[in-house]
file my_file_21.txt (compact mmCIF, C-alpha atoms)
# COMPACT_ATOMS: atom_id res chain seq x y z
CA MET A 234 -6.30 -25.31 31.76
CA ASN A 235 -4.43 -27.20 29.07
CA GLU A 236 -4.51 -26.62 25.38
CA ASN A 237 -3.19 -28.78 22.56
CA ILE A 238 -2.03 -27.35 19.29
CA ASP A 239 -1.23 -29.41 16.27
CA ALA A 240 1.06 -27.13 14.29
CA ARG A 241 2.36 -29.76 11.92
CA GLY A 242 2.49 -28.58 8.33
CA LEU A 243 2.11 -24.94 9.30
CA ALA A 244 4.56 -22.41 7.94
CA CYS A 245 6.52 -20.12 10.19
CA PRO A 246 5.46 -18.03 12.11
CA GLN A 247 2.09 -19.75 12.51
CA PRO A 248 3.16 -22.24 15.22
CA VAL A 249 4.51 -19.38 17.34
CA VAL A 250 1.45 -17.22 16.74
CA LEU A 251 -0.88 -20.04 17.77
CA ALA A 252 1.16 -20.93 20.83
CA LYS A 253 1.34 -17.33 21.92
CA LYS A 254 -2.40 -16.94 21.59
CA SER A 255 -3.03 -20.06 23.66
CA LEU A 256 -0.65 -18.92 26.38
CA GLU A 257 -2.87 -15.92 26.91
CA THR A 258 -5.66 -18.13 28.17
CA SER A 259 -4.03 -21.41 29.21
CA ASP A 260 -1.41 -22.26 31.80
CA THR A 261 -0.13 -25.25 29.92
CA VAL A 262 0.13 -25.44 26.17
CA ILE A 263 1.23 -28.51 24.25
CA VAL A 264 2.45 -27.84 20.75
CA ILE A 265 3.28 -30.44 18.11
CA VAL A 266 5.56 -29.24 15.32
CA ASP A 267 7.30 -31.03 12.48
CA ASN A 268 10.50 -29.08 11.98
CA GLU A 269 13.44 -27.83 14.02
CA THR A 270 12.96 -24.15 13.23
CA ALA A 271 9.44 -24.26 14.61
CA ARG A 272 10.69 -26.23 17.60
CA GLU A 273 13.30 -23.58 18.39
CA ASN A 274 10.91 -20.69 17.81
CA VAL A 275 8.19 -22.14 20.03
CA LYS A 276 10.79 -22.99 22.67
CA ARG A 277 12.06 -19.43 22.62
CA LEU A 278 8.55 -18.07 22.93
CA GLY A 279 7.97 -20.27 25.97
CA GLU A 280 11.17 -19.17 27.67
CA LYS A 281 10.46 -15.53 26.87
CA SER A 282 6.99 -15.90 28.36
CA GLY A 283 8.37 -17.32 31.59
CA CYS A 284 7.30 -20.90 31.01
CA THR A 285 9.18 -24.07 31.70
CA VAL A 286 9.62 -25.86 28.41
CA SER A 287 9.97 -29.58 27.93
CA ILE A 288 10.57 -31.08 24.53
CA GLU A 289 9.97 -34.60 23.34
CA ASP A 290 11.59 -35.60 20.07
CA LYS A 291 9.46 -38.22 18.41
CA GLU A 292 10.85 -40.78 16.03
CA ASN A 293 8.67 -39.68 13.16
CA GLY A 294 10.40 -36.30 13.01
CA THR A 295 7.87 -34.40 15.05
CA PHE A 296 8.47 -32.61 18.31
CA THR A 297 6.10 -32.20 21.20
CA LEU A 298 6.71 -29.12 23.29
CA THR A 299 5.04 -28.58 26.63
CA LEU A 300 5.00 -24.99 27.79
CA SER A 301 3.98 -24.64 31.43
CA ARG A 302 3.48 -21.29 32.94
CA THR A 303 5.09 -20.82 36.32
CA ASP A 304 2.74 -19.25 38.83
CA ALA A 305 4.60 -16.03 39.28
CA VAL A 306 4.48 -15.03 35.66
CA GLN A 307 1.63 -13.10 34.15
CA SER A 308 0.33 -13.46 30.63
CA PRO A 309 2.94 -12.41 28.10
CA GLY A 310 2.61 -9.03 26.49
CA ASP A 311 3.01 -8.68 22.77
CA ILE A 312 6.59 -9.80 22.24
CA THR A 313 6.85 -7.52 19.22
CA SER A 314 6.04 -4.37 21.12
CA VAL A 315 8.11 -2.42 23.57
CA PRO A 316 6.31 -0.33 26.15
CA LEU A 317 7.05 3.34 25.98
CA SER A 318 6.04 4.07 29.53
CA SER A 319 9.51 5.19 30.55
CA ALA A 320 9.78 7.76 27.78
CA ALA A 321 9.27 11.21 29.19
CA GLY A 322 9.04 13.12 25.95
CA PRO A 323 8.04 12.82 22.30
CA ASN A 324 8.88 9.78 20.26
CA VAL A 325 11.15 11.06 17.49
CA PHE A 326 12.31 9.19 14.40
CA VAL A 327 15.42 10.63 12.80
CA ILE A 328 15.90 9.77 9.13
CA SER A 329 19.44 10.87 8.48
CA ALA A 330 19.84 9.24 5.08
CA ASN A 331 17.72 7.90 2.26
CA THR A 332 19.22 4.50 2.98
CA MET A 333 18.71 2.20 5.95
CA GLY A 334 22.10 1.09 7.15
CA GLY A 335 25.39 1.49 5.38
CA GLY A 336 27.13 -0.85 2.98
CA ASP A 337 25.04 -1.17 -0.12
CA ASP A 338 23.07 1.90 -1.16
CA GLU A 339 20.70 0.11 -3.47
CA LEU A 340 19.74 -2.31 -0.72
CA GLY A 341 19.67 0.54 1.78
CA GLU A 342 17.17 2.50 -0.30
CA LEU A 343 14.92 -0.53 -0.58
CA LEU A 344 15.07 -1.14 3.16
CA MET A 345 14.27 2.48 3.92
CA LYS A 346 11.14 2.36 1.76
CA ALA A 347 10.02 -0.76 3.57
CA PHE A 348 10.81 0.84 6.92
CA ILE A 349 8.77 3.96 6.23
CA HIS A 350 5.85 1.91 5.04
CA THR A 351 6.05 -0.15 8.22
CA ILE A 352 5.70 2.88 10.49
CA PHE A 353 1.92 2.58 10.07
CA ASP A 354 1.95 -0.86 11.68
CA LEU A 355 3.89 0.19 14.76
CA ASP A 356 2.09 0.21 18.07
CA TYR A 357 3.45 3.66 18.79
CA LEU A 358 3.47 6.15 15.96
CA PRO A 359 6.29 8.65 16.13
CA ASP A 360 5.31 12.15 17.20
CA THR A 361 7.87 13.65 14.87
CA LEU A 362 9.85 12.49 11.87
CA ILE A 363 13.01 14.44 11.11
CA PHE A 364 14.70 14.25 7.73
CA TYR A 365 18.20 15.50 7.16
CA ASN A 366 21.20 14.93 4.89
CA THR A 367 20.16 12.57 2.06
CA GLY A 368 17.07 11.70 4.11
CA VAL A 369 15.42 14.83 2.67
CA LYS A 370 15.34 13.11 -0.73
CA LEU A 371 12.51 10.98 0.65
CA ALA A 372 10.27 14.02 1.05
CA VAL A 373 10.27 15.27 -2.54
CA LYS A 374 7.34 15.16 -4.94
CA ASN A 375 8.49 12.12 -6.95
CA SER A 376 9.58 10.16 -3.87
CA ASP A 377 8.46 6.53 -3.69
CA VAL A 378 7.36 7.05 -0.11
CA LEU A 379 5.58 10.37 -0.57
CA ASP A 380 2.12 8.79 -0.15
CA ASP A 381 3.19 7.15 3.10
CA LEU A 382 4.65 10.37 4.46
CA LYS A 383 1.56 12.35 3.50
CA GLN A 384 -0.63 9.81 5.24
CA LEU A 385 1.54 9.97 8.36
CA GLU A 386 1.31 13.73 8.34
CA HIS A 387 -2.44 13.43 7.94
CA ASP A 388 -2.49 11.08 10.93
CA GLY A 389 -0.86 13.75 13.05
CA VAL A 390 2.84 12.97 12.73
CA GLU A 391 4.92 16.14 12.55
CA ILE A 392 7.42 16.04 9.70
CA LEU A 393 10.47 18.29 9.77
CA VAL A 394 12.66 18.53 6.69
CA CYS A 395 16.09 20.09 6.93
CA GLY A 396 16.08 23.23 4.80
CA THR A 397 19.86 23.46 4.57
CA CYS A 398 19.94 19.92 3.22
CA ALA A 399 17.16 20.51 0.68
CA ASN A 400 19.06 23.59 -0.43
CA PHE A 401 22.31 21.65 -0.75
CA PHE A 402 20.71 19.03 -2.98
CA ASN A 403 18.89 21.77 -4.88
CA ILE A 404 15.48 20.21 -4.19
CA LYS A 405 13.97 22.90 -1.98
CA ASP A 406 11.13 23.56 -4.43
CA ASP A 407 10.42 19.85 -4.72
CA ILE A 408 9.79 19.21 -1.03
CA ALA A 409 6.21 17.94 -1.05
CA VAL A 410 5.50 17.02 2.54
CA GLY A 411 6.22 18.34 6.00
CA ILE A 412 7.67 21.60 7.20
CA VAL A 413 10.94 22.85 5.79
CA SER A 414 12.74 23.41 9.03
CA ASN A 415 15.96 24.67 10.50
CA MET A 416 18.64 23.50 12.88
CA TYR A 417 17.04 25.25 15.87
CA ASP A 418 13.84 23.25 15.51
CA ILE A 419 15.61 20.03 14.60
CA ALA A 420 18.15 20.20 17.42
CA GLY A 421 15.46 21.37 19.85
CA THR A 422 13.09 18.54 18.93
CA MET A 423 15.86 15.99 19.29
CA SER A 424 16.98 17.35 22.63
CA ARG A 425 13.43 17.22 24.03
CA ALA A 426 12.73 13.72 22.72
CA GLY A 427 11.80 10.95 25.13
CA ARG A 428 13.36 8.59 22.71
CA ILE A 429 14.96 8.75 19.32
CA VAL A 430 14.73 6.02 16.73
CA THR A 431 17.21 6.03 13.87
CA PRO A 432 16.70 3.39 11.23
CA MET B 171 -9.51 5.09 4.00
CA MET B 172 -6.53 2.81 3.42
CA SER B 173 -8.18 -0.37 4.56
CA LEU B 174 -10.94 -0.11 1.96
CA GLN B 175 -8.47 -0.41 -0.86
CA SER B 176 -7.62 -3.92 -1.95
CA TYR B 177 -4.12 -4.83 -2.97
CA TYR B 178 -2.09 -7.55 -4.59
CA ILE B 179 1.49 -8.39 -3.77
CA VAL B 180 4.26 -9.97 -5.79
CA LEU B 181 6.58 -12.27 -3.86
CA PHE B 182 10.14 -12.96 -4.97
CA LYS B 183 12.74 -15.62 -4.29
CA SER B 184 15.32 -13.04 -3.31
CA VAL B 185 15.79 -9.37 -2.55
CA SER B 186 17.77 -8.92 -5.76
CA HIS B 187 14.79 -10.14 -7.77
CA ALA B 188 12.63 -7.59 -5.98
CA MET B 189 15.15 -4.87 -6.81
CA ARG B 190 15.14 -5.79 -10.48
CA ALA B 191 11.36 -5.80 -10.49
CA GLU B 192 11.35 -2.37 -8.86
CA LYS B 193 13.49 -0.97 -11.68
CA ILE B 194 11.29 -2.49 -14.34
CA LEU B 195 8.08 -1.12 -12.85
CA LYS B 196 9.62 2.31 -12.46
CA ASN B 197 10.59 2.34 -16.12
CA GLU B 198 7.11 1.24 -17.09
CA LYS B 199 5.63 3.90 -14.81
CA ILE B 200 3.37 1.38 -13.13
CA PRO B 201 2.48 2.55 -9.61
CA PHE B 202 3.55 0.22 -6.82
CA LYS B 203 5.01 0.24 -3.38
CA ILE B 204 7.85 -1.69 -1.78
CA ILE B 205 6.62 -3.18 1.47
CA PRO B 206 7.95 -5.80 3.89
CA VAL B 207 6.51 -9.25 3.28
CA PRO B 208 3.50 -9.45 5.63
CA LYS B 209 4.19 -11.48 8.75
CA SER B 210 1.23 -13.71 7.98
CA ILE B 211 3.07 -14.94 4.87
CA SER B 212 6.64 -15.22 6.12
CA SER B 213 8.60 -14.33 9.19
CA GLU B 214 11.74 -13.87 7.15
CA CYS B 215 12.92 -10.37 6.51
CA GLY B 216 11.83 -10.00 2.92
CA VAL B 217 10.35 -7.29 0.78
CA CYS B 218 7.61 -7.55 -1.78
CA ILE B 219 5.85 -5.29 -4.23
CA ARG B 220 2.34 -4.11 -3.53
CA PHE B 221 0.00 -2.82 -6.22
CA THR B 222 -3.66 -2.18 -6.83
CA PRO B 223 -5.76 -4.76 -8.72
CA GLU B 224 -6.07 -2.79 -11.98
CA TYR B 225 -2.35 -3.29 -12.70
CA LYS B 226 -2.31 -7.04 -12.27
CA GLU B 227 -2.28 -7.87 -15.99
CA ASP B 228 0.27 -5.17 -16.82
CA ILE B 229 2.59 -6.40 -14.13
CA GLU B 230 2.31 -10.01 -15.16
CA ALA B 231 3.05 -8.93 -18.72
CA VAL B 232 6.16 -6.85 -17.95
CA PHE B 233 7.57 -9.48 -15.62
CA ASN B 234 7.12 -12.18 -18.23
CA GLY B 235 10.64 -13.11 -19.32
CA THR B 236 12.29 -10.24 -17.45
CA VAL B 237 12.16 -11.12 -13.77
CA GLU B 238 11.32 -14.28 -11.91
CA TYR B 239 8.74 -14.05 -9.16
CA SER B 240 7.40 -16.76 -6.93
CA ASP B 241 3.79 -15.66 -6.53
CA ILE B 242 1.23 -12.94 -7.05
CA ARG B 243 -1.48 -13.01 -4.47
CA GLU B 244 -4.22 -10.92 -3.03
CA LEU B 245 -3.38 -9.16 0.19
CA ASN B 246 -6.06 -9.34 2.83

call {"tool": "encode", "arguments": {"input": "my_file_21.txt", "output": "structure tokens"}}
result
Amino acid sequence: MNENIDARGLACPQPVVLAKKSLETSDTVIVIVDNETARENVKRLGEKSGCTVSIEDKENGTFTLTLSRTDAVQSPGDITSVPLSSAAGPNVFVISANTMGGGDDELGELLMKAFIHTIFDLDYLPDTLIFYNTGVKLAVKNSDVLDDLKQLEHDGVEILVCGTCANFFNIKDDIAVGIVSNMYDIAGTMSRAGRIVTP
Amino acid sequence: MMSLQSYYIVLFKSVSHAMRAEKILKNEKIPFKIIPVPKSISSECGVCIRFTPEYKEDIEAVFNGTVEYSDIRELN
């Protein structure tokens, strides 16, 4: 079955989203796009999905991509999700700082807030979130992400907050979510984890 | 519970604009949340500010002349 998609004028990532959807039901998908970014993104999707991709550059600045599924390849899974089937233990997120990445702290704090908010949208919620070092500052009562953390806890995510760290920063009484925990629990949880994610 | 709430988001031209806006809203004690720009709007790695509808006028007022934003729109 063939399907034609006219993705001209559509902003990224719409052309890719539409093409991906069509590939779930059609063996051949023809996509017309009007810019090079979309061309490259759709091409990449096709290759990732095990299709042969042919591209026709038209003179009017549009590109016609033909994605043809080869017989051996099944329908693509969600390219944004990674199966956890190989993980043999809990999915543990370790938040070792109140910043995401090193370099610029102001940017890092912003990224961390966005990261924590995004946990809700993940296909696989963590089983446990561990906060240590400056990460514990995210679990205090005036934290910008307190609502998110409370909701995660409500949804069944275990939250461990390093007591030594809270003590060090003198915020032990301000910890407003999770269990104030110790190195035995934190090290034990990490050692039993099927996989550890550290933003 | 969360899906029943409706939200608006403010989009910015750059991350530094979003950072400035964050500072301003904190000072004004207007509740908001920093979230990644929804994928349906842009695939670029950006952040935006999410707030509940009752603060729309306040936010427009405090941003007026202090920080440039590209759009305020309803999130659905």

call {"tool": "residues_around", "arguments": {"input": "my_file_21.txt", "residues": "region 219-230 of chain B", "least_positions_apart": "4", "cutoff": "8 Å", "atoms": "all atoms listed in the file", "output": "PDB file with C-alpha atoms, keeping the file's coordinate frame"}}
result
ATOM      1  CA  GLN B 175      -8.470  -0.410  -0.860  1.00  0.00           C
ATOM      2  CA  SER B 176      -7.620  -3.920  -1.950  1.00  0.00           C
ATOM      3  CA  TYR B 177      -4.120  -4.830  -2.970  1.00  0.00           C
ATOM      4  CA  TYR B 178      -2.090  -7.550  -4.590  1.00  0.00           C
ATOM      5  CA  ILE B 179       1.490  -8.390  -3.770  1.00  0.00           C
ATOM      6  CA  VAL B 180       4.260  -9.970  -5.790  1.00  0.00           C
ATOM      7  CA  LEU B 181       6.580 -12.270  -3.860  1.00  0.00           C
ATOM      8  CA  ALA B 188      12.630  -7.590  -5.980  1.00  0.00           C
ATOM      9  CA  GLU B 192      11.350  -2.370  -8.860  1.00  0.00           C
ATOM     10  CA  LEU B 195       8.080  -1.120 -12.850  1.00  0.00           C
ATOM     11  CA  ILE B 200       3.370   1.380 -13.130  1.00  0.00           C
ATOM     12  CA  PRO B 201       2.480   2.550  -9.610  1.00  0.00           C
ATOM     13  CA  PHE B 202       3.550   0.220  -6.820  1.00  0.00           C
ATOM     14  CA  LYS B 203       5.010   0.240  -3.380  1.00  0.00           C
ATOM     15  CA  ILE B 204       7.850  -1.690  -1.780  1.00  0.00           C
ATOM     16  CA  ILE B 205       6.620  -3.180   1.470  1.00  0.00           C
ATOM     17  CA  ASN B 234       7.120 -12.180 -18.230  1.00  0.00           C
TER      18      ASN B 234
END

call {"tool": "closest_residue", "arguments": {"input": "my_file_21.txt", "among": "B:Ala231, B:Cys218, B:Val237, B:Ile211", "to": "Pro246 (chain A)", "atoms": "all atoms listed in the file"}}
result
B:Ile211

call {"tool": "interface_residues", "arguments": {"input": "my_file_21.txt", "of": "chain B", "to": "chain A", "cutoff": "8 Å", "atoms": "all atoms listed in the file", "output": "CSV table (one decimal) with C-alpha atoms, in the coordinates of the input"}}
result
chain,number,residue,atom,x,y,z
B,189,MET,CA,15.2,-4.9,-6.8
B,203,LYS,CA,5.0,0.2,-3.4
B,204,ILE,CA,7.8,-1.7,-1.8
B,205,ILE,CA,6.6,-3.2,1.5
B,206,PRO,CA,8.0,-5.8,3.9
B,209,LYS,CA,4.2,-11.5,8.8
B,210,SER,CA,1.2,-13.7,8.0
B,212,SER,CA,6.6,-15.2,6.1
B,213,SER,CA,8.6,-14.3,9.2
B,217,VAL,CA,10.4,-7.3,0.8

call {"tool": "closest_residue", "arguments": {"input": "my_file_21.txt", "among": "B:Val207, B:Asn246, B:Val232, B:Gly216", "to": "Ala191 (chain B)", "atoms": "all atoms listed in the file"}}
result
B:Val232

call {"tool": "atom_distance", "arguments": {"input": "my_file_21.txt", "atom1": "CA of Lys254 (chain A)", "atom2": "CA of Gly279 (chain A)"}}
result
11.7 Å
